[in-house]
Amino acid sequence: QQLCVETNLTGDLVVTNNKACQTYIGRLCIGVDEMEGDGFSVGQNVPNPTSGFTVIPYRIPESGMISFRLSNSIGQEIIHRQLFAEPGSHQMEVDIHHLPAGIYHYQIEYNGLKISKKMVISR
């Protein structure tokens, strides 16, 4: 599938940069609180905003590999973990003491599905 965005700014003389497209495979859900139809879900980190350790709840319907990524506001990957998890509800504890204040995004991928959420770090 392909996702495109386009802008048309008044007074913009350079029209070659008005459209961008990205091809992606699979499904990307951002900020979805509900459980996915197959039983995969990711909750909001607690506490949020956070300043030390934070806990991220997630649920998977069957055993499988989980990929966790935490990125800063410009998309640089800060933390990446991969682990095997049994079916059911889990919590991932993340130490963010070393990170500066700001807005971050975390993503958990399971069985080709990705769910992303926003995390705020305050000092």
# chains A, B, ... in the order shown; residues from 1 in each chain; ligands from 1
>>> residues_around(residues="Val120 in chain A", least_positions_apart="3", cutoff="9 Å", atoms="only C-alpha atoms", output="list in words")
Asn48, Pro49, Thr50, Ser51, Ala101, Gly102, Ile103, Tyr104 and His105 of chain A
>>> closest_residue(among="A:Arg59, A:Lys117, A:Lys19, A:Arg123", to="Met92 in chain A", atoms="only C-alpha atoms")
A:Arg59
>>> residues_around(residues="Arg69 in chain A", least_positions_apart="4", cutoff="7 Å", atoms="only C-alpha atoms", output="number ranges by chain")
A: 77, 79-81, 106-108
>>> closest_residue(among="A:Ile115, A:Leu13, A:Ile78, A:Val5", to="Ile96 in chain A", atoms="only C-alpha atoms")
A:Ile78
>>> residues_around(residues="Asn17 in chain A", least_positions_apart="5", cutoff="12 Å", atoms="only C-alpha atoms", output="list in words")
Val5, Glu6, Thr7, Asn8, Leu9 and Asp12 of chain A
>>> write_last_selection(atoms="all heavy atoms", output="compact mmCIF listing (two decimals), in the first residue's frame")
# COMPACT_ATOMS: atom_id res chain seq x y z
N VAL A 5 1.17 12.33 1.01
CA VAL A 5 0.75 13.61 1.57
C VAL A 5 1.13 14.70 0.58
O VAL A 5 2.12 14.59 -0.14
CB VAL A 5 1.38 13.89 2.95
CG1 VAL A 5 0.88 12.92 3.99
CG2 VAL A 5 2.89 13.86 2.88
N GLU A 6 0.31 15.74 0.54
CA GLU A 6 0.54 16.82 -0.41
C GLU A 6 0.19 18.14 0.25
O GLU A 6 -0.71 18.23 1.07
CB GLU A 6 -0.34 16.59 -1.64
CG GLU A 6 0.00 17.50 -2.80
CD GLU A 6 -0.70 17.07 -4.09
OE1 GLU A 6 -1.29 15.99 -4.13
OE2 GLU A 6 -0.64 17.85 -5.03
N THR A 7 0.94 19.19 -0.12
CA THR A 7 0.68 20.52 0.40
C THR A 7 0.62 21.52 -0.75
O THR A 7 1.20 21.29 -1.81
CB THR A 7 1.76 20.95 1.42
OG1 THR A 7 1.41 22.22 1.96
CG2 THR A 7 3.12 21.03 0.78
N ASN A 8 -0.07 22.58 -0.53
CA ASN A 8 -0.18 23.64 -1.52
C ASN A 8 -0.16 24.97 -0.77
O ASN A 8 -1.19 25.50 -0.39
CB ASN A 8 -1.48 23.50 -2.33
CG ASN A 8 -1.53 24.48 -3.49
OD1 ASN A 8 -0.55 25.15 -3.78
ND2 ASN A 8 -2.68 24.56 -4.13
N LEU A 9 1.03 25.48 -0.52
CA LEU A 9 1.20 26.71 0.25
C LEU A 9 1.14 27.93 -0.65
O LEU A 9 1.77 27.97 -1.72
CB LEU A 9 2.53 26.69 0.99
CG LEU A 9 2.72 25.55 1.99
CD1 LEU A 9 4.14 25.55 2.52
CD2 LEU A 9 1.72 25.67 3.13
N ASP A 12 4.35 29.64 -2.46
CA ASP A 12 5.43 28.66 -2.60
C ASP A 12 5.82 28.55 -4.07
O ASP A 12 5.03 28.15 -4.91
CB ASP A 12 4.97 27.29 -2.07
CG ASP A 12 6.06 26.23 -2.13
OD1 ASP A 12 7.22 26.58 -2.43
OD2 ASP A 12 5.74 25.07 -1.87
>>> residues_around(residues="Ala85 in chain A", least_positions_apart="4", cutoff="7 Å", atoms="only C-alpha atoms", output="list in words")
Ser63, Gly64, Met65 and Ile66 of chain A
>>> atom_distance(atom1="CA of Gln76 in chain A", atom2="CA of Ser122 in chain A")
18.7 Å
>>> residues_around(residues="Gly39 in chain A", least_positions_apart="3", cutoff="12 Å", atoms="only C-alpha atoms", output="ChimeraX atom specification")
/A:34-36,42,58-63,87-89,110-111,113
>>> atom_distance(atom1="CA of Thr54 in chain A", atom2="CA of Asn72 in chain A")
15.7 Å
>>> select_by_dssp(residues="chain A", states="strand (DSSP E)", output="PyMOL selection string")
chain A and resi 2-6+19-23+27-30+41-42+53-60+64-71+77-85+88-95+102-110+113-121
>>> atom_distance(atom1="CA of His98 in chain A", atom2="CA of Ile74 in chain A")
17.6 Å
>>> closest_residue(among="A:Pro100, A:Gln44, A:Thr10, A:Asn18", to="Ser73 in chain A", atoms="only C-alpha atoms")
A:Pro100
